Amino acid sequence: MAGTVTQDPPSAASGRPGRPMIVTEDAELLDDLLRLCAAAGAKPEVHHRPPERGGGWESAPLVLVGDDAARRVRGAARRRGVVLVGLDQDDPDVWKRAVEIGADHVLMLPDGEQWLVDRIADVVEGVGRPALTVGVIGGRGGAGASTLACALAVTSAREGLRTLLVDADPLGGGIDVLLGGETAEGLRWPAFAASRGRLGSGALEESLPELHSLRILSWDRGDCVAIPPPAVRAVLA
C-alpha cells in the first residue's frame, strides 16, 4: 500500500489504535496540526518535548514533531512512525534535522496537508491488510458481468469475509436490483458526488445498504449518471 507510514503497533492493552502525538511549541504549527487531526477524527496528545519513558513516546502509533522541537527530540528513543513537520518550504537543513531524530518523513505545510490527514486517519481507523480487489468487466451488455460480480461477493460474504460490492456502471440498472435490494435503506453513488479527500471507511461502510451479509455501493433510480472523478477516487480509496 504505497505511501503508508510504517508505524509501531498500538498498545495491546487498549485494544484500540492509539492516539497520535504532537511535539511542538510553535503556536501556528500546533494550530495547523490540531486542525488536521480534527479533520481526520483524531484527538492527539500534545507535548512541548518528548515525554519521559513510559509517557507514550514509544507507544504512540504516529508522532508529529514540529521543526522547532527537532533539537529537543534528539535524545529520545529511536522509533518508527515519526514525521518532522515544518512551515518553511525553503529550509534545506530540515532534512539534516530529520536524519538526526530518525524521522521517516519530512512534511511541509500547507503542501502536505492531505497526505498527513490520510496518515492520521489511518491511525484512527486502524489499518489492516490491504483488501483483495476483484474487477469484473463485461465485454458487452448481457455477458453476465453483474451476475458474476454478485456471485463472487455473496460467496465471499458466506465465507465470513468482510465484503463490499461496488457497481461502477452508471448506465446499468443498479446492482442492488439484481440482489433484490433496490428499496433497501442506505446511500447510493449520487450521495457522494461532492466528496473530496479522505472519507472515514467505517462511517462509509455503515452508510451503505446491507444485503446478504455484504455492503452494496450502487446507483439509484434517479437521473444522475455522472460522478466527478475526485469523488469516485475519494470513495474507492
# chains A, B, ... in the order shown; residues from 1 in each chain; ligands from 1
>>> residues_around(residues="A:Glu159", least_positions_apart="4", cutoff="12 Å", atoms="only C-alpha atoms", output="number ranges by chain")
A: 152-155, 163, 212-214
>>> closest_atom_pairs(of="stretch 36-79 of chain A", to="stretch 90-112 of chain A", cutoff="7 Å", atoms="only C-alpha atoms", output="CSV")
residue,atom,partner,partner_atom,distance
A:Ala70,CA,A:Arg97,CA,6.4
A:Val73,CA,A:Ile101,CA,6.4
A:Arg74,CA,A:Ile101,CA,5.1
A:Arg78,CA,A:Gly102,CA,6.3
>>> residues_around(residues="A:Arg49", least_positions_apart="6", cutoff="7 Å", atoms="only C-alpha atoms", output="PyMOL selection string")
chain A and resi 23-24+69+72-73
>>> residues_around(residues="A:Leu208", least_positions_apart="4", cutoff="10 Å", atoms="only C-alpha atoms", output="ChimeraX atom specification")
/A:164,184-189,203-204,214-218
>>> write_last_selection(atoms="N, CA, C and O atoms", output="compact mmCIF listing (two decimals), in the first residue's frame")
# COMPACT_ATOMS: atom_id res chain seq x y z
N LEU A 164 -17.48 -5.87 0.21
CA LEU A 164 -18.17 -4.71 -0.35
C LEU A 164 -18.28 -4.90 -1.86
O LEU A 164 -17.28 -5.14 -2.53
N ALA A 184 -33.77 -1.10 -0.27
CA ALA A 184 -33.03 -1.16 0.99
C ALA A 184 -32.50 0.22 1.38
O ALA A 184 -32.08 1.00 0.51
N GLU A 185 -32.53 0.53 2.65
CA GLU A 185 -32.05 1.83 3.12
C GLU A 185 -30.54 1.91 3.03
O GLU A 185 -29.82 0.93 3.25
N GLY A 186 -30.06 3.11 2.69
CA GLY A 186 -28.63 3.33 2.59
C GLY A 186 -28.32 4.27 1.44
O GLY A 186 -29.16 4.56 0.59
N LEU A 187 -27.10 4.77 1.43
CA LEU A 187 -26.69 5.74 0.42
C LEU A 187 -26.27 5.06 -0.87
O LEU A 187 -25.76 3.94 -0.86
N ARG A 188 -26.48 5.77 -1.99
CA ARG A 188 -26.02 5.33 -3.30
C ARG A 188 -25.02 6.34 -3.85
O ARG A 188 -24.77 7.36 -3.25
N TRP A 189 -24.47 6.05 -5.02
CA TRP A 189 -23.42 6.88 -5.60
C TRP A 189 -23.75 8.38 -5.62
O TRP A 189 -22.88 9.20 -5.28
N ALA A 203 -17.41 4.81 8.71
CA ALA A 203 -18.66 5.54 8.52
C ALA A 203 -19.22 5.31 7.12
O ALA A 203 -20.45 5.18 6.95
N LEU A 204 -18.34 5.23 6.13
CA LEU A 204 -18.79 4.96 4.76
C LEU A 204 -19.47 3.60 4.68
O LEU A 204 -20.57 3.46 4.12
N LEU A 214 -23.45 -8.55 3.04
CA LEU A 214 -22.40 -7.73 2.44
C LEU A 214 -22.95 -6.33 2.20
O LEU A 214 -24.16 -6.10 2.19
N ARG A 215 -22.05 -5.38 2.03
CA ARG A 215 -22.42 -4.00 1.76
C ARG A 215 -22.42 -3.75 0.26
O ARG A 215 -21.59 -4.29 -0.47
N ILE A 216 -23.34 -2.88 -0.19
CA ILE A 216 -23.52 -2.62 -1.62
C ILE A 216 -23.37 -1.12 -1.88
O ILE A 216 -24.01 -0.31 -1.20
N LEU A 217 -22.55 -0.76 -2.85
CA LEU A 217 -22.50 0.62 -3.33
C LEU A 217 -23.00 0.62 -4.77
O LEU A 217 -22.33 0.14 -5.68
N SER A 218 -24.21 1.11 -4.96
CA SER A 218 -24.88 1.01 -6.24
C SER A 218 -25.40 2.38 -6.67
O SER A 218 -25.19 3.38 -5.99
>>> residues_around(residues="A:Leu62", least_positions_apart="5", cutoff="8 Å", atoms="only C-alpha atoms", output="list in words")
Gln7, Arg19, Pro20, Met21, Gly81, Val82, Val83, Ile120 and Val123 of chain A
>>> select_by_dssp(residues="stretch 10-233 of chain A", states="alpha helix (DSSP H)", output="PyMOL selection string")
chain A and resi 27-39+70-73+94-101+113-125+145-158+175-178+201-207+229-233
>>> write_last_selection(atoms="C-alpha atoms", output="PDB file, in the first residue's frame")
ATOM      1  CA  ALA A  27       1.665  28.011  18.196  1.00  0.00           C
ATOM      2  CA  GLU A  28       0.995  28.473  14.464  1.00  0.00           C
ATOM      3  CA  LEU A  29       2.161  24.972  13.622  1.00  0.00           C
ATOM      4  CA  LEU A  30       0.219  23.494  16.532  1.00  0.00           C
ATOM      5  CA  ASP A  31      -2.990  25.146  15.321  1.00  0.00           C
ATOM      6  CA  ASP A  32      -2.461  23.644  11.877  1.00  0.00           C
ATOM      7  CA  LEU A  33      -1.765  20.160  13.239  1.00  0.00           C
ATOM      8  CA  LEU A  34      -4.767  20.240  15.569  1.00  0.00           C
ATOM      9  CA  ARG A  35      -6.951  21.284  12.657  1.00  0.00           C
ATOM     10  CA  LEU A  36      -5.687  18.389  10.532  1.00  0.00           C
ATOM     11  CA  CYS A  37      -6.171  15.936  13.392  1.00  0.00           C
ATOM     12  CA  ALA A  38      -9.738  17.165  13.803  1.00  0.00           C
ATOM     13  CA  ALA A  39     -10.348  16.662  10.075  1.00  0.00           C
ATOM     14  CA  ALA A  70      13.779  18.750  16.481  1.00  0.00           C
ATOM     15  CA  ARG A  71      16.678  19.592  18.800  1.00  0.00           C
ATOM     16  CA  ARG A  72      14.674  18.631  21.892  1.00  0.00           C
ATOM     17  CA  VAL A  73      13.800  15.270  20.327  1.00  0.00           C
ATOM     18  CA  VAL A  94      15.284  20.343   7.581  1.00  0.00           C
ATOM     19  CA  TRP A  95      16.485  17.067   6.043  1.00  0.00           C
ATOM     20  CA  LYS A  96      19.568  17.056   8.284  1.00  0.00           C
ATOM     21  CA  ARG A  97      17.372  17.514  11.346  1.00  0.00           C
ATOM     22  CA  ALA A  98      15.106  14.716  10.172  1.00  0.00           C
ATOM     23  CA  VAL A  99      18.072  12.333   9.983  1.00  0.00           C
ATOM     24  CA  GLU A 100      19.224  13.395  13.449  1.00  0.00           C
ATOM     25  CA  ILE A 101      15.911  12.388  15.038  1.00  0.00           C
ATOM     26  CA  GLU A 113      -1.911  18.557   4.352  1.00  0.00           C
ATOM     27  CA  GLN A 114      -3.894  15.881   2.501  1.00  0.00           C
ATOM     28  CA  TRP A 115      -1.127  13.307   2.873  1.00  0.00           C
ATOM     29  CA  LEU A 116      -0.963  13.978   6.603  1.00  0.00           C
ATOM     30  CA  VAL A 117      -4.741  13.811   7.064  1.00  0.00           C
ATOM     31  CA  ASP A 118      -4.695  10.410   5.363  1.00  0.00           C
ATOM     32  CA  ARG A 119      -1.926   9.127   7.639  1.00  0.00           C
ATOM     33  CA  ILE A 120      -3.674  10.397  10.781  1.00  0.00           C
ATOM     34  CA  ALA A 121      -6.922   8.790   9.621  1.00  0.00           C
ATOM     35  CA  ASP A 122      -5.056   5.504   9.147  1.00  0.00           C
ATOM     36  CA  VAL A 123      -4.066   5.716  12.813  1.00  0.00           C
ATOM     37  CA  VAL A 124      -7.603   6.498  13.967  1.00  0.00           C
ATOM     38  CA  GLU A 125      -9.235   3.733  11.950  1.00  0.00           C
ATOM     39  CA  ALA A 145     -20.635  -9.395 -15.579  1.00  0.00           C
ATOM     40  CA  SER A 146     -23.193  -8.255 -12.988  1.00  0.00           C
ATOM     41  CA  THR A 147     -24.238 -11.823 -12.244  1.00  0.00           C
ATOM     42  CA  LEU A 148     -20.640 -12.948 -11.794  1.00  0.00           C
ATOM     43  CA  ALA A 149     -19.796  -9.944  -9.584  1.00  0.00           C
ATOM     44  CA  CYS A 150     -22.802 -10.656  -7.355  1.00  0.00           C
ATOM     45  CA  ALA A 151     -21.931 -14.347  -7.172  1.00  0.00           C
ATOM     46  CA  LEU A 152     -18.357 -13.598  -6.130  1.00  0.00           C
ATOM     47  CA  ALA A 153     -19.495 -11.086  -3.494  1.00  0.00           C
ATOM     48  CA  VAL A 154     -22.198 -13.330  -1.994  1.00  0.00           C
ATOM     49  CA  THR A 155     -19.815 -16.291  -1.895  1.00  0.00           C
ATOM     50  CA  SER A 156     -17.168 -14.166  -0.183  1.00  0.00           C
ATOM     51  CA  ALA A 157     -19.652 -12.951   2.428  1.00  0.00           C
ATOM     52  CA  ARG A 158     -20.854 -16.506   3.077  1.00  0.00           C
ATOM     53  CA  ILE A 175     -26.592  -3.897  -8.994  1.00  0.00           C
ATOM     54  CA  ASP A 176     -28.760  -3.685  -5.865  1.00  0.00           C
ATOM     55  CA  VAL A 177     -31.725  -4.592  -8.104  1.00  0.00           C
ATOM     56  CA  LEU A 178     -30.049  -7.881  -9.020  1.00  0.00           C
ATOM     57  CA  SER A 201     -14.001   3.900   5.937  1.00  0.00           C
ATOM     58  CA  GLY A 202     -16.060   2.797   8.912  1.00  0.00           C
ATOM     59  CA  ALA A 203     -18.657   5.543   8.517  1.00  0.00           C
ATOM     60  CA  LEU A 204     -18.791   4.962   4.763  1.00  0.00           C
ATOM     61  CA  GLU A 205     -19.391   1.242   5.199  1.00  0.00           C
ATOM     62  CA  GLU A 206     -22.138   1.790   7.757  1.00  0.00           C
ATOM     63  CA  SER A 207     -23.930   4.234   5.435  1.00  0.00           C
ATOM     64  CA  PRO A 229     -13.597  11.630 -10.747  1.00  0.00           C
ATOM     65  CA  PRO A 230     -12.308  13.194  -7.467  1.00  0.00           C
ATOM     66  CA  ALA A 231     -15.446  11.937  -5.709  1.00  0.00           C
ATOM     67  CA  VAL A 232     -15.020   8.424  -7.115  1.00  0.00           C
ATOM     68  CA  ARG A 233     -11.354   8.382  -6.026  1.00  0.00           C
TER      69      ARG A 233
END
>>> atom_distance(atom1="atom CA of A:Leu64", atom2="atom CA of A:Ile22")
4.8 Å
